[in-house]
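Chemist: Take this structure, written in structure tokens, and hold onto it; I'll ask about it next.
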Amino acid sequence: MKTAARVPAQRTPDRRYGPLLGLVIGHAVSLTGNMLTIIALPLYVLAETGSAAATGLVGAFATAPMVIGGAFGGVLVDRIGYRRASVAADLVSGVTIAAVPLLDRTVGLPFWALLALVFATGLLDTPGHTARIALLPEAAAAAGMPVERAVAMLEATSRGARLVGAPVAGLLVAAFGALTVLAIDAVTFAVSAAVVAVLVPRGLRPATEPAADAGPGADARPAGYWREFTDGVRFLLREPLLRLIVLMVLFTNLLDAAKSTVLLPVVADRELGGATAFGLLVGAMGGGALAGSLVFGAIGHRLPRRPTYVVAFLIAGAPPFLALAAGLPLPALVTVTVVAGFAAGAINPMIGTIELERVPAGMRARVYGVIGAGCWAAMPVGSVGAGLAVNAFGTTATLVVAGCCYLLLSLTPLLGGPWRDMSRPAPARPAPVPEHVS
């Protein structure tokens, strides 16, 4: 009796999940630590000074380095390597934030020194995040996973960090004080650096050479720093839709920074019971955004882009400001915030899709850095302005004016022009992008 010949089994390509897990876990730990500082720092300043203006100034020094680091750090990240940049950024930020409780408990911490340390902590934070995001396509390829799924994982970590980190930070501040929470944040930076250093191999890097993607007429020779930086700026200036998105988000982020660094901490501290309420509201926004991102990931490709974008901003932007101004009780504020967060969960994926359609792979860090800097440039102004406005006109009046401005900004995509290009399909998706909406 003849037996059938045995066909050799097809060997499945080796899959390495370590690099992807390293990036996702490192990103999650780093962002969770950031949430600890976002909650603890303004409460520490309010407790020490009792001044909304001082709190706003610290918020400005926390957000200004995001702009500077995002704009000028992208080229450096492209040059020194994404893995190395991620590890170095976390280590330096950990040292500077650890100095805050250390100095306060020993020789004392003058206000100018606090501002300097806050600025230094944030300077490399954005380049570190950009470096992890820029490595995501290669890590996904090593794991045999579609890039879209890897992007969704990283987006989920961002939203999950806000969902988990903010309420936990509020409870920790209430139980142990703000300085202890800042010390814990320093530990999270060290953990993030260690995870990326151990799990992400040195050889993981983009295969595409920048010169190949720089566009027609690009010089194949290595360019200088300022040449590469201006290439990123020039690319953004040539894209009308991207310019409008950056301009709109510039002003909405100004208002979001005013709320997150001054208005919400002040309302929570003076009317809602302090750190626990503050953390709960920030976490509610993150939880709603996480759910919104997941739902949008499932059905977003079926929705008309521009109307969805406008509706998302209308729900996510003005209602939280007006609800705080109305003096609603905490349960009602949590409900409004969750709904706003759910709508906000669709915004970054839509912006990210548009950027994916337009930014070449070889220019990832520098273009995303310029876009991020443009989106974040007014956040320090929002923090300082909110602090001064609260002192001059009161919290309620400031919230009402900010909410009305947000409402008008949310309607600008209906004006037409380049906004109509939001629905235009593109043939390629070069790379994942960082989030720009605060």
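Here, A, B, ... name the chains of the structure tokens in the order displayed, residue numbers run from 1 inside each chain, and ligands are numbered from 1 in the same displayed order.
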Show me a table, sorted first by chain and then by increasing residue number, of the residues of segment 237-272 of chain A having an atom at most 12 Å from segment 155-171 of chain A, each with its shortest atom pair and the distance in Å to one decimal, counting only C-alpha atoms and written as CSV.

Modeler:
```
residue,atom,partner,partner_atom,distance
A:Ser260,CA,A:Ala166,CA,11.8
A:Pro265,CA,A:Gly170,CA,11.0
A:Ala268,CA,A:Gly170,CA,10.8
A:Asp269,CA,A:Gly170,CA,11.4
```

Chemist: If you count only C-alpha atoms, which residues fall within 12 Å of Tyr82 of chain A, apart from same-chain ones fewer than 4 positions away, as a ChimeraX atom specification?

Modeler: /A:23,73-78,86-89,127-136,138-139,196-197,200-206,364-365

Chemist: Compile a residue-level contact table for segment 215-307 of chain A against segment 378-400 of chain A at a cut-off of 8 Å, reporting for every qualifying residue the shortest atom pair and its distance in Å to one decimal, with only C-alpha atoms counted, rows ordered by chain and ascending number, as CSV.

Modeler:
```
residue,atom,partner,partner_atom,distance
A:Leu250,CA,A:Ala378,CA,6.0
A:Phe251,CA,A:Ala378,CA,6.8
A:Asn253,CA,A:Met379,CA,6.0
A:Leu254,CA,A:Met379,CA,4.4
A:Leu255,CA,A:Gly382,CA,5.9
A:Asp256,CA,A:Gly382,CA,7.8
A:Ala257,CA,A:Met379,CA,5.4
A:Ala258,CA,A:Ser383,CA,4.6
A:Lys259,CA,A:Ala386,CA,7.8
A:Thr261,CA,A:Ser383,CA,6.2
A:Val262,CA,A:Gly387,CA,6.2
A:Leu263,CA,A:Thr395,CA,6.9
A:Val267,CA,A:Thr395,CA,7.7
```

Chemist: Check the smallest atom-to-atom distance from each of A:Gly26, A:Gly274, A:Gly327, A:Gly18 to Tyr44 of chain A using only C-alpha atoms, then report the winner.

Modeler: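 Using only C-alpha atoms, Tyr44 of chain A sits closest to A:Gly274.
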
Chemist: From segment 135-380 of chain A, collect each residue whose DSSP state is helix (DSSP H, G or I) and return the set as JSON, numbers by chain.

Modeler: {"A": [136, 137, 138, 139, 140, 141, 142, 147, 148, 149, 150, 151, 152, 153, 154, 155, 156, 157, 158, 159, 160, 161, 162, 163, 164, 165, 166, 167, 168, 169, 170, 171, 172, 173, 174, 175, 176, 178, 179, 180, 181, 182, 183, 184, 185, 186, 187, 188, 189, 190, 191, 192, 193, 194, 195, 196, 197, 198, 199, 210, 211, 212, 213, 225, 226, 227, 228, 229, 230, 231, 232, 233, 234, 235, 236, 237, 240, 241, 242, 243, 244, 245, 246, 247, 248, 249, 250, 251, 252, 253, 254, 255, 256, 257, 258, 259, 260, 261, 262, 263, 264, 265, 266, 267, 268, 269, 270, 271, 272, 275, 276, 277, 278, 279, 280, 281, 282, 283, 284, 285, 286, 287, 288, 289, 290, 291, 292, 293, 294, 295, 296, 297, 298, 299, 300, 301, 302, 305, 306, 307, 308, 309, 310, 311, 312, 313, 314, 315, 316, 318, 319, 320, 321, 322, 323, 324, 325, 330, 331, 332, 333, 334, 335, 336, 337, 338, 339, 340, 341, 342, 343, 344, 347, 348, 349, 350, 351, 352, 353, 354, 355, 356, 357, 358, 361, 362, 363, 364, 365, 366, 367, 368, 369, 370, 371, 372, 373, 374, 375, 376, 379, 380]}

Chemist: At what distance in Å, to one decimal, does atom CA of Ala28 of chain A lie from atom CA of Leu117 of chain A?

Modeler: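 We find that atom CA of Leu117 of chain A and atom CA of Ala28 of chain A lie 23.0 Å from each other.
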
Chemist: Rounded to one decimal in Å, what is the spacing between atom CA of Thr96 of chain A and atom CA of Thr126 of chain A?

Modeler: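 Answer for the atom CA of Thr96 of chain A to atom CA of Thr126 of chain A separation: 15.0 Å.
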
Chemist: Show me, as a VMD selection string, the residues that have an atom within 9 Å of Ala312 of chain A when counting only C-alpha atoms, minus same-chain residues fewer than 5 positions from it.

Modeler: chain A and resid 307 317 340 342 to 347 410
